[in-house]
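Chemist: Take this structure, written in structure tokens, and hold onto it; I'll ask about it next.
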Amino acid sequence: QVQLVESGGGLVQAGGSLRLSCAASGSSFSVKFSMGWYRQAPGKQRELVAAITSGGSTNYASSVKGRFTISRDNTKNTVYLQMNSLKPEDTALYYCNAGGSYSGYWGQGTQVTVSS
């Protein structure tokens, strides 16, 4: 089993910043897992925001490149998403994922709301 607990969401004005954290635990968790952040806005499909491999390689959705930074601390089994220059269109429920979107594990999500 793997448990993922997200934190750090909230309400912020456009142009502001938030930092999301996701702490992983459980007997099935491995630091070899790639980890990622996904988001889902009302009426839209869940989409990848950013992902990071165990070795630190990253990829980002084009809509957040240059504004968001994903990082991980393998000693704490935690992945972070630093979000700067937030826009109203970034408003969504943000989910943490470990092990990939097809057969991996998901957190419960943390709400990010950006007001204009």
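Letters A, B, ... go to the chains of the structure tokens in the order shown; residues in each chain start at 1; ligands are counted from 1 in the same order.
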Can you tell me, as a list in words, what residues are no more than 10 Å from Glu47 of chain A when counting only C-alpha atoms, ignoring any on the same chain fewer than 6 positions away?
Modeler: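 These residues fall inside the cut-off: Trp37, Tyr38, Arg39, Gln40, Ala41, Ala61, Tyr94, Tyr95 and Ser101 of chain A.
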Chemist: Excluding Gly104 of chain A and any residue of its chain fewer than 3 positions from it, enumerate the residues within 12 Å of it, using only C-alpha atoms, and give them as a ChimeraX atom specification.
Modeler: /A:1-4,28-30,33-36,96-101,107
Chemist: Using N, CA, C and O atoms, can you export the residues from the last selection as an mmCIF file, in the first residue's frame?
Modeler:
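Once everything was written out, this is result.cif:
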data_model
loop_
_atom_site.group_PDB
_atom_site.id
_atom_site.type_symbol
_atom_site.label_atom_id
_atom_site.label_comp_id
_atom_site.auth_asym_id
_atom_site.auth_seq_id
_atom_site.Cartn_x
_atom_site.Cartn_y
_atom_site.Cartn_z
ATOM 1 N N GLN A 1 0.837 -1.206 0.000
ATOM 2 C CA GLN A 1 0.000 0.000 0.000
ATOM 3 C C GLN A 1 0.865 1.245 0.000
ATOM 4 O O GLN A 1 1.970 1.247 0.522
ATOM 5 N N VAL A 2 0.326 2.289 -0.629
ATOM 6 C CA VAL A 2 0.994 3.585 -0.673
ATOM 7 C C VAL A 2 -0.024 4.645 -0.293
ATOM 8 O O VAL A 2 -1.144 4.659 -0.808
ATOM 9 N N GLN A 3 0.371 5.519 0.604
ATOM 10 C CA GLN A 3 -0.464 6.658 0.955
ATOM 11 C C GLN A 3 0.237 7.933 0.520
ATOM 12 O O GLN A 3 1.449 8.090 0.747
ATOM 13 N N LEU A 4 -0.521 8.814 -0.100
ATOM 14 C CA LEU A 4 -0.011 10.107 -0.545
ATOM 15 C C LEU A 4 -0.873 11.189 0.082
ATOM 16 O O LEU A 4 -2.095 11.193 -0.092
ATOM 17 N N SER A 28 4.592 -0.300 0.124
ATOM 18 C CA SER A 28 4.824 -0.492 -1.302
ATOM 19 C C SER A 28 5.499 0.699 -1.970
ATOM 20 O O SER A 28 5.812 0.641 -3.155
ATOM 21 N N PHE A 29 5.723 1.753 -1.206
ATOM 22 C CA PHE A 29 6.335 2.929 -1.817
ATOM 23 C C PHE A 29 7.809 2.694 -2.046
ATOM 24 O O PHE A 29 8.495 2.086 -1.214
ATOM 25 N N SER A 30 8.306 3.192 -3.165
ATOM 26 C CA SER A 30 9.719 3.099 -3.479
ATOM 27 C C SER A 30 10.214 4.450 -3.979
ATOM 28 O O SER A 30 9.521 5.119 -4.746
ATOM 29 N N PHE A 33 10.078 5.229 -7.678
ATOM 30 C CA PHE A 33 8.880 5.685 -8.384
ATOM 31 C C PHE A 33 9.095 7.062 -8.986
ATOM 32 O O PHE A 33 9.631 7.961 -8.328
ATOM 33 N N SER A 34 8.652 7.236 -10.206
ATOM 34 C CA SER A 34 8.464 8.592 -10.693
ATOM 35 C C SER A 34 7.269 9.185 -9.951
ATOM 36 O O SER A 34 6.340 8.462 -9.580
ATOM 37 N N MET A 35 7.315 10.486 -9.732
ATOM 38 C CA MET A 35 6.208 11.152 -9.056
ATOM 39 C C MET A 35 5.767 12.359 -9.858
ATOM 40 O O MET A 35 6.552 12.945 -10.601
ATOM 41 N N GLY A 36 4.517 12.701 -9.698
ATOM 42 C CA GLY A 36 4.006 13.794 -10.491
ATOM 43 C C GLY A 36 2.844 14.508 -9.839
ATOM 44 O O GLY A 36 2.273 14.038 -8.853
ATOM 45 N N CYS A 96 -1.487 14.452 -6.333
ATOM 46 C CA CYS A 96 -0.154 13.866 -6.343
ATOM 47 C C CYS A 96 -0.255 12.427 -6.844
ATOM 48 O O CYS A 96 -1.222 11.713 -6.525
ATOM 49 N N ASN A 97 0.731 12.021 -7.619
ATOM 50 C CA ASN A 97 0.770 10.655 -8.145
ATOM 51 C C ASN A 97 2.141 10.045 -7.928
ATOM 52 O O ASN A 97 3.167 10.721 -8.061
ATOM 53 N N ALA A 98 2.150 8.779 -7.613
ATOM 54 C CA ALA A 98 3.407 8.037 -7.503
ATOM 55 C C ALA A 98 3.294 6.784 -8.348
ATOM 56 O O ALA A 98 2.316 6.044 -8.239
ATOM 57 N N GLY A 99 4.250 6.580 -9.217
ATOM 58 C CA GLY A 99 4.284 5.358 -9.999
ATOM 59 C C GLY A 99 3.600 5.427 -11.340
ATOM 60 O O GLY A 99 3.448 4.399 -12.006
ATOM 61 N N GLY A 100 3.181 6.601 -11.767
ATOM 62 C CA GLY A 100 2.584 6.728 -13.080
ATOM 63 C C GLY A 100 1.077 6.765 -13.060
ATOM 64 O O GLY A 100 0.443 6.278 -12.118
ATOM 65 N N SER A 101 0.491 7.351 -14.110
ATOM 66 C CA SER A 101 -0.956 7.584 -14.130
ATOM 67 C C SER A 101 -1.756 6.316 -14.414
ATOM 68 O O SER A 101 -2.946 6.251 -14.096
ATOM 69 N N GLY A 107 -3.146 10.639 -4.485
ATOM 70 C CA GLY A 107 -3.598 11.274 -3.264
ATOM 71 C C GLY A 107 -5.040 11.739 -3.412
ATOM 72 O O GLY A 107 -5.660 11.546 -4.464
#
Chemist: For atom CA of Ser115 of chain A and atom CA of Pro42 of chain A, determine how far apart the two atoms are, in Å to one decimal place.
Modeler: 15.4 Å
Chemist: Please provide the set of residues having any atom within 7 Å of Val114 of chain A, restricted to only C-alpha atoms, with same-chain residues fewer than 5 positions apart removed, written as a PyMOL selection string.
Modeler: chain A and resi 11-14+86-88+90-91
Chemist: I'd like the contact shell of Arg72 of chain A - 10 Å cut-off, only C-alpha atoms, skipping same-chain residues fewer than 3 positions apart - returned as an NGL selection string.
Modeler: :A and (21-23 or 31 or 35-36 or 52-56 or 75-81)
Chemist: Could you go through chain A and tell me which residues DSSP, when run on the backbone, assigns to strand (DSSP E), listing them as a PyMOL selection string?
Modeler: chain A and resi 3-7+10-13+18-25+35-40+47-52+58-60+68-73+78-83+92-98+105-106+110-115
Chemist: Do a neighbour search on Ser17 of chain A at 7 Å with only C-alpha atoms, toss out local chain neighbours closer than 5 positions, and write the hits as a ChimeraX atom specification.
Modeler: /A:83-86
Chemist: What does the distance between atom CA of Tyr102 of chain A and atom CA of Arg67 of chain A come to in Å, to one decimal place?
Modeler: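 Computing it gives 26.5 Å between the two atoms.
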Chemist: So, counting only C-alpha atoms, which residue among A:Gly66, A:Gly15, A:Gly26, A:Gly43 is closest to Leu93 of chain A?
Modeler: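 Under the stated criterion, the closest residue is A:Gly43.
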Chemist: Just the number, please: distance in Å from atom CA of Lys65 of chain A to atom CA of Gly9 of chain A, one decimal.
Modeler: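 Here the two named atoms are 19.3 Å from each other.
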Chemist: Taking only C-alpha atoms into account, which of A:Val5, A:Leu18, A:Ala24, A:Val64 comes nearest Val49 of chain A?
Modeler: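 The answer is A:Val64, which sits nearest to Val49 of chain A.
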Chemist: Restricting the calculation to only C-alpha atoms: of A:Gln108, A:Ser27, A:Thr113, A:Ser57, which residue gets closest to Ile70 of chain A?
Modeler: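 Closest to Ile70 of chain A, using only C-alpha atoms: A:Ser57.
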